[in-house]
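Peer 1: Contents of my_file_11.pdb (PDB, C-alpha atoms):
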```
ATOM      1  CA  GLN A   1     -77.700 -69.531 -45.705  1.00  0.00           C
ATOM      2  CA  VAL A   2     -73.923 -69.575 -45.397  1.00  0.00           C
ATOM      3  CA  ARG A   3     -72.589 -67.081 -42.869  1.00  0.00           C
ATOM      4  CA  LEU A   4     -68.944 -66.085 -42.620  1.00  0.00           C
ATOM      5  CA  VAL A   5     -67.331 -63.954 -39.935  1.00  0.00           C
ATOM      6  CA  GLU A   6     -63.722 -62.808 -40.022  1.00  0.00           C
ATOM      7  CA  SER A   7     -61.507 -61.981 -37.056  1.00  0.00           C
ATOM      8  CA  GLY A   8     -57.855 -61.422 -36.255  1.00  0.00           C
ATOM      9  CA  GLY A   9     -57.129 -58.263 -38.185  1.00  0.00           C
ATOM     10  CA  GLY A  10     -55.400 -55.223 -36.804  1.00  0.00           C
ATOM     11  CA  SER A  11     -52.380 -52.989 -37.124  1.00  0.00           C
ATOM     12  CA  ILE A  12     -48.857 -54.281 -37.389  1.00  0.00           C
ATOM     13  CA  GLN A  13     -45.444 -53.105 -38.490  1.00  0.00           C
ATOM     14  CA  THR A  14     -43.658 -54.130 -41.644  1.00  0.00           C
ATOM     15  CA  GLY A  15     -42.380 -57.659 -41.436  1.00  0.00           C
ATOM     16  CA  GLY A  16     -44.830 -58.662 -38.749  1.00  0.00           C
ATOM     17  CA  SER A  17     -47.292 -61.529 -38.673  1.00  0.00           C
ATOM     18  CA  LEU A  18     -51.036 -61.843 -38.225  1.00  0.00           C
ATOM     19  CA  ARG A  19     -53.429 -64.751 -38.316  1.00  0.00           C
ATOM     20  CA  LEU A  20     -56.861 -64.169 -39.761  1.00  0.00           C
ATOM     21  CA  SER A  21     -59.710 -66.475 -38.871  1.00  0.00           C
ATOM     22  CA  CYS A  22     -62.999 -67.118 -40.622  1.00  0.00           C
ATOM     23  CA  VAL A  23     -65.793 -69.018 -38.906  1.00  0.00           C
ATOM     24  CA  GLY A  24     -68.451 -70.396 -41.210  1.00  0.00           C
ATOM     25  CA  SER A  25     -71.903 -71.796 -40.688  1.00  0.00           C
ATOM     26  CA  GLY A  26     -74.837 -72.990 -42.714  1.00  0.00           C
ATOM     27  CA  TYR A  27     -72.912 -74.960 -45.317  1.00  0.00           C
ATOM     28  CA  PRO A  28     -75.422 -77.132 -47.199  1.00  0.00           C
ATOM     29  CA  ASN A  29     -72.847 -79.757 -48.160  1.00  0.00           C
ATOM     30  CA  ASN A  30     -69.185 -80.678 -47.887  1.00  0.00           C
ATOM     31  CA  ASN A  31     -68.156 -79.294 -51.255  1.00  0.00           C
ATOM     32  CA  TYR A  32     -67.488 -75.702 -50.212  1.00  0.00           C
ATOM     33  CA  CYS A  33     -64.131 -74.118 -50.857  1.00  0.00           C
ATOM     34  CA  THR A  34     -63.136 -71.068 -48.841  1.00  0.00           C
ATOM     35  CA  GLY A  35     -60.950 -68.227 -49.933  1.00  0.00           C
ATOM     36  CA  TRP A  36     -59.399 -65.037 -48.686  1.00  0.00           C
ATOM     37  CA  PHE A  37     -59.569 -61.883 -50.760  1.00  0.00           C
ATOM     38  CA  ARG A  38     -58.384 -58.363 -50.091  1.00  0.00           C
ATOM     39  CA  GLN A  39     -59.173 -54.907 -51.353  1.00  0.00           C
ATOM     40  CA  ALA A  40     -57.017 -51.873 -50.782  1.00  0.00           C
ATOM     41  CA  PRO A  41     -58.414 -48.355 -51.136  1.00  0.00           C
ATOM     42  CA  GLY A  42     -58.705 -47.413 -54.781  1.00  0.00           C
ATOM     43  CA  LYS A  43     -57.762 -50.879 -55.980  1.00  0.00           C
ATOM     44  CA  GLU A  44     -59.659 -53.864 -57.255  1.00  0.00           C
ATOM     45  CA  ARG A  45     -60.352 -56.831 -55.052  1.00  0.00           C
ATOM     46  CA  GLU A  46     -57.812 -59.605 -55.464  1.00  0.00           C
ATOM     47  CA  GLY A  47     -57.672 -63.233 -54.504  1.00  0.00           C
ATOM     48  CA  VAL A  48     -55.090 -64.053 -51.862  1.00  0.00           C
ATOM     49  CA  SER A  49     -55.513 -67.726 -51.057  1.00  0.00           C
ATOM     50  CA  CYS A  50     -58.114 -70.485 -51.081  1.00  0.00           C
ATOM     51  CA  ILE A  51     -58.525 -73.993 -49.781  1.00  0.00           C
ATOM     52  CA  SER A  52     -60.720 -76.924 -50.673  1.00  0.00           C
ATOM     53  CA  TRP A  53     -63.141 -78.471 -48.214  1.00  0.00           C
ATOM     54  CA  THR A  54     -60.764 -81.311 -47.382  1.00  0.00           C
ATOM     55  CA  GLY A  55     -57.750 -79.039 -47.249  1.00  0.00           C
ATOM     56  CA  ALA A  56     -55.993 -81.131 -49.866  1.00  0.00           C
ATOM     57  CA  THR A  57     -55.885 -78.322 -52.420  1.00  0.00           C
ATOM     58  CA  THR A  58     -54.661 -74.809 -51.795  1.00  0.00           C
ATOM     59  CA  HIS A  59     -53.894 -71.843 -54.024  1.00  0.00           C
ATOM     60  CA  TYR A  60     -51.931 -68.680 -53.382  1.00  0.00           C
ATOM     61  CA  ALA A  61     -51.485 -65.453 -55.241  1.00  0.00           C
ATOM     62  CA  ASP A  62     -47.913 -65.103 -56.478  1.00  0.00           C
ATOM     63  CA  SER A  63     -47.422 -62.072 -54.263  1.00  0.00           C
ATOM     64  CA  VAL A  64     -48.040 -64.033 -51.040  1.00  0.00           C
ATOM     65  CA  ARG A  65     -46.758 -67.496 -51.862  1.00  0.00           C
ATOM     66  CA  GLY A  66     -44.150 -68.551 -49.337  1.00  0.00           C
ATOM     67  CA  ARG A  67     -45.281 -65.990 -46.764  1.00  0.00           C
ATOM     68  CA  PHE A  68     -48.969 -66.813 -46.228  1.00  0.00           C
ATOM     69  CA  THR A  69     -50.417 -70.171 -45.235  1.00  0.00           C
ATOM     70  CA  ILE A  70     -54.064 -71.128 -45.430  1.00  0.00           C
ATOM     71  CA  SER A  71     -55.524 -73.949 -43.372  1.00  0.00           C
ATOM     72  CA  ARG A  72     -58.852 -75.165 -42.090  1.00  0.00           C
ATOM     73  CA  ASP A  73     -60.335 -77.070 -39.190  1.00  0.00           C
ATOM     74  CA  ASN A  74     -63.742 -78.334 -40.239  1.00  0.00           C
ATOM     75  CA  ALA A  75     -64.487 -79.633 -36.757  1.00  0.00           C
ATOM     76  CA  LYS A  76     -64.447 -75.999 -35.634  1.00  0.00           C
ATOM     77  CA  ASN A  77     -65.839 -74.582 -38.899  1.00  0.00           C
ATOM     78  CA  MET A  78     -62.727 -72.442 -39.147  1.00  0.00           C
ATOM     79  CA  VAL A  79     -60.454 -71.331 -41.961  1.00  0.00           C
ATOM     80  CA  TYR A  80     -57.219 -69.559 -41.100  1.00  0.00           C
ATOM     81  CA  LEU A  81     -54.802 -67.363 -42.993  1.00  0.00           C
ATOM     82  CA  GLN A  82     -51.400 -67.093 -41.359  1.00  0.00           C
ATOM     83  CA  MET A  83     -49.635 -64.056 -42.759  1.00  0.00           C
ATOM     84  CA  THR A  84     -45.944 -63.406 -42.252  1.00  0.00           C
ATOM     85  CA  GLY A  85     -43.536 -60.846 -43.630  1.00  0.00           C
ATOM     86  CA  LEU A  86     -46.324 -58.326 -44.067  1.00  0.00           C
ATOM     87  CA  LYS A  87     -45.698 -55.295 -46.243  1.00  0.00           C
ATOM     88  CA  PRO A  88     -47.302 -51.832 -46.185  1.00  0.00           C
ATOM     89  CA  GLU A  89     -48.809 -52.415 -49.624  1.00  0.00           C
ATOM     90  CA  GLU A  90     -50.776 -55.294 -48.119  1.00  0.00           C
ATOM     91  CA  THR A  91     -52.845 -52.894 -46.081  1.00  0.00           C
ATOM     92  CA  ALA A  92     -56.409 -53.697 -47.076  1.00  0.00           C
ATOM     93  CA  MET A  93     -59.770 -55.054 -46.061  1.00  0.00           C
ATOM     94  CA  TYR A  94     -59.525 -58.813 -46.014  1.00  0.00           C
ATOM     95  CA  TYR A  95     -62.608 -60.855 -46.825  1.00  0.00           C
ATOM     96  CA  CYS A  96     -63.485 -64.489 -46.365  1.00  0.00           C
ATOM     97  CA  ALA A  97     -65.610 -66.031 -49.113  1.00  0.00           C
ATOM     98  CA  ALA A  98     -67.018 -69.472 -49.745  1.00  0.00           C
ATOM     99  CA  ASP A  99     -68.930 -71.316 -52.422  1.00  0.00           C
ATOM    100  CA  ALA A 100     -69.448 -74.745 -53.861  1.00  0.00           C
ATOM    101  CA  GLY A 101     -66.658 -75.992 -56.064  1.00  0.00           C
ATOM    102  CA  PRO A 102     -63.195 -74.549 -56.658  1.00  0.00           C
ATOM    103  CA  ILE A 103     -62.509 -70.850 -56.211  1.00  0.00           C
ATOM    104  CA  VAL A 104     -59.600 -70.868 -58.615  1.00  0.00           C
ATOM    105  CA  LEU A 105     -60.610 -72.245 -62.001  1.00  0.00           C
ATOM    106  CA  ALA A 106     -58.607 -75.186 -63.229  1.00  0.00           C
ATOM    107  CA  GLN A 107     -58.480 -73.764 -66.734  1.00  0.00           C
ATOM    108  CA  GLY A 108     -56.521 -70.551 -66.827  1.00  0.00           C
ATOM    109  CA  GLY A 109     -56.087 -70.247 -63.085  1.00  0.00           C
ATOM    110  CA  ALA A 110     -58.505 -67.331 -62.773  1.00  0.00           C
ATOM    111  CA  TRP A 111     -60.205 -66.557 -59.476  1.00  0.00           C
ATOM    112  CA  ARG A 112     -63.972 -66.831 -59.683  1.00  0.00           C
ATOM    113  CA  ASP A 113     -65.865 -63.565 -59.512  1.00  0.00           C
ATOM    114  CA  ASP A 114     -69.278 -65.111 -58.799  1.00  0.00           C
ATOM    115  CA  LEU A 115     -68.803 -66.294 -55.228  1.00  0.00           C
ATOM    116  CA  ARG A 116     -72.103 -66.069 -53.383  1.00  0.00           C
ATOM    117  CA  ASN A 117     -71.059 -65.972 -49.766  1.00  0.00           C
ATOM    118  CA  TRP A 118     -68.921 -63.257 -48.201  1.00  0.00           C
ATOM    119  CA  GLY A 119     -67.983 -62.051 -44.763  1.00  0.00           C
ATOM    120  CA  GLU A 120     -68.108 -58.385 -43.897  1.00  0.00           C
ATOM    121  CA  GLY A 121     -64.336 -58.091 -43.978  1.00  0.00           C
ATOM    122  CA  ILE A 122     -61.678 -57.123 -41.512  1.00  0.00           C
ATOM    123  CA  GLN A 123     -59.033 -54.429 -41.711  1.00  0.00           C
ATOM    124  CA  VAL A 124     -55.330 -55.207 -41.824  1.00  0.00           C
ATOM    125  CA  THR A 125     -53.001 -52.220 -41.619  1.00  0.00           C
ATOM    126  CA  VAL A 126     -49.256 -52.602 -42.086  1.00  0.00           C
ATOM    127  CA  SER A 127     -47.166 -49.590 -41.152  1.00  0.00           C
ATOM    128  CA  SER A 128     -43.642 -48.892 -42.289  1.00  0.00           C
TER
END
```
Can you dump the structure from the file as C-alpha cells?
Peer 2:
Amino acid sequence: QVRLVESGGGSIQTGGSLRLSCVGSGYPNNNYCTGWFRQAPGKEREGVSCISWTGATTHYADSVRGRFTISRDNAKNMVYLQMTGLKPEETAMYYCAADAGPIVLAQGGAWRDDLRNWGEGIQVTVSS
C-alpha cells in the first residue's frame, strides 16, 4: 500500500515562494512516477507537475513552467515542489499522487486520471 503525505503548505502573499514536500512509502517497485495536482474551489483538479522515479523526466503545466520546480530524493522518499512567483489564482488544495508508469501520457500529453495513490492534500493560499 503506497502512502503519501504532503507538507509545506500555508498562506503567502502574491509573488512569494513555498516548497511543498511529499513523503512516500510502500512503493512496490522503482517504476513509480510522482505528481502534484491542485484543485481550487469550484474548479476541476489539474495537473501541476510530475517527475519520473529517476528524476530524469519532468513535466509542468504551461501555467507554472518557469516558476515551479519539481525534484525528488529517493534516499529520503521525498518529492518536492518549489513554487515561486505565486499568484492568488493558485490558491488551492495541492495533492501528491503516485503510480506506476508515466503520469503524463506520451501521446497527446494528457495527464492520467486513473492514478491510484493520493495524499490527503495540503492547502496553499495566496493573498493579494
Peer 1: Determine the nearest neighbour of Trp118 (chain A) from the options A:Met83, A:Val48, A:Ala61, A:Ala98, counting all atoms listed in the file.
Peer 2: A:Ala98
Peer 1: Do you know which residues the PyMOL selection byres ((chain A and resi 37-39) around 7) returns on this file, as a PyMOL selection string?
Peer 2: chain A and resi 35-36+40-41+43-48+92-96
Peer 1: Please identify all polymer residues within 8 Å of Gly119 (chain A), counting only C-alpha atoms, omitting same-chain residues fewer than 4 positions from it, and present them as an MDAnalysis selection string.
Peer 2: chainID A and resid 3:6 95:97
Peer 1: Return the single residue from A:Gly121, A:Gly108, A:Gly85, A:Gly101 that is closest to Gly16 (chain A), with distances computed using all atoms listed in the file.
Peer 2: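 The answer is A:Gly85, which sits nearest to Gly16 (chain A).
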Peer 1: Give as a PyMOL selection string the residues that the PyMOL selection byres ((chain A and resi 12) around 10) matches when applied to the coordinates above.
Peer 2: chain A and resi 9-11+13-18+86-88+91+124-128
Peer 1: Would you kindly translate the PyMOL selection byres ((chain A and resi 71) around 10) into the concrete residues it picks from this file, as a PDB file with C-alpha atoms, in the frame of the given file?
Peer 2:
```pdb
ATOM      1  CA  SER A  21     -59.710 -66.475 -38.871  1.00  0.00           C
ATOM      2  CA  THR A  34     -63.136 -71.068 -48.841  1.00  0.00           C
ATOM      3  CA  SER A  49     -55.513 -67.726 -51.057  1.00  0.00           C
ATOM      4  CA  CYS A  50     -58.114 -70.485 -51.081  1.00  0.00           C
ATOM      5  CA  ILE A  51     -58.525 -73.993 -49.781  1.00  0.00           C
ATOM      6  CA  SER A  52     -60.720 -76.924 -50.673  1.00  0.00           C
ATOM      7  CA  THR A  54     -60.764 -81.311 -47.382  1.00  0.00           C
ATOM      8  CA  GLY A  55     -57.750 -79.039 -47.249  1.00  0.00           C
ATOM      9  CA  ALA A  56     -55.993 -81.131 -49.866  1.00  0.00           C
ATOM     10  CA  THR A  58     -54.661 -74.809 -51.795  1.00  0.00           C
ATOM     11  CA  THR A  69     -50.417 -70.171 -45.235  1.00  0.00           C
ATOM     12  CA  ILE A  70     -54.064 -71.128 -45.430  1.00  0.00           C
ATOM     13  CA  ARG A  72     -58.852 -75.165 -42.090  1.00  0.00           C
ATOM     14  CA  ASP A  73     -60.335 -77.070 -39.190  1.00  0.00           C
ATOM     15  CA  ASN A  74     -63.742 -78.334 -40.239  1.00  0.00           C
ATOM     16  CA  MET A  78     -62.727 -72.442 -39.147  1.00  0.00           C
ATOM     17  CA  VAL A  79     -60.454 -71.331 -41.961  1.00  0.00           C
ATOM     18  CA  TYR A  80     -57.219 -69.559 -41.100  1.00  0.00           C
ATOM     19  CA  LEU A  81     -54.802 -67.363 -42.993  1.00  0.00           C
ATOM     20  CA  GLN A  82     -51.400 -67.093 -41.359  1.00  0.00           C
TER      21      GLN A  82
END
```
Peer 1: To one decimal place in Å, what is the distance between CA of Arg112 (chain A) and CA of Phe68 (chain A)?
Peer 2: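 Rounded to one decimal, the two atoms are 20.2 Å apart.
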Peer 1: For CA of Ala106 (chain A) and CA of Pro28 (chain A), quote the distance in Å rounded to one decimal.
Peer 2: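 Those two atoms sit 23.3 Å apart.
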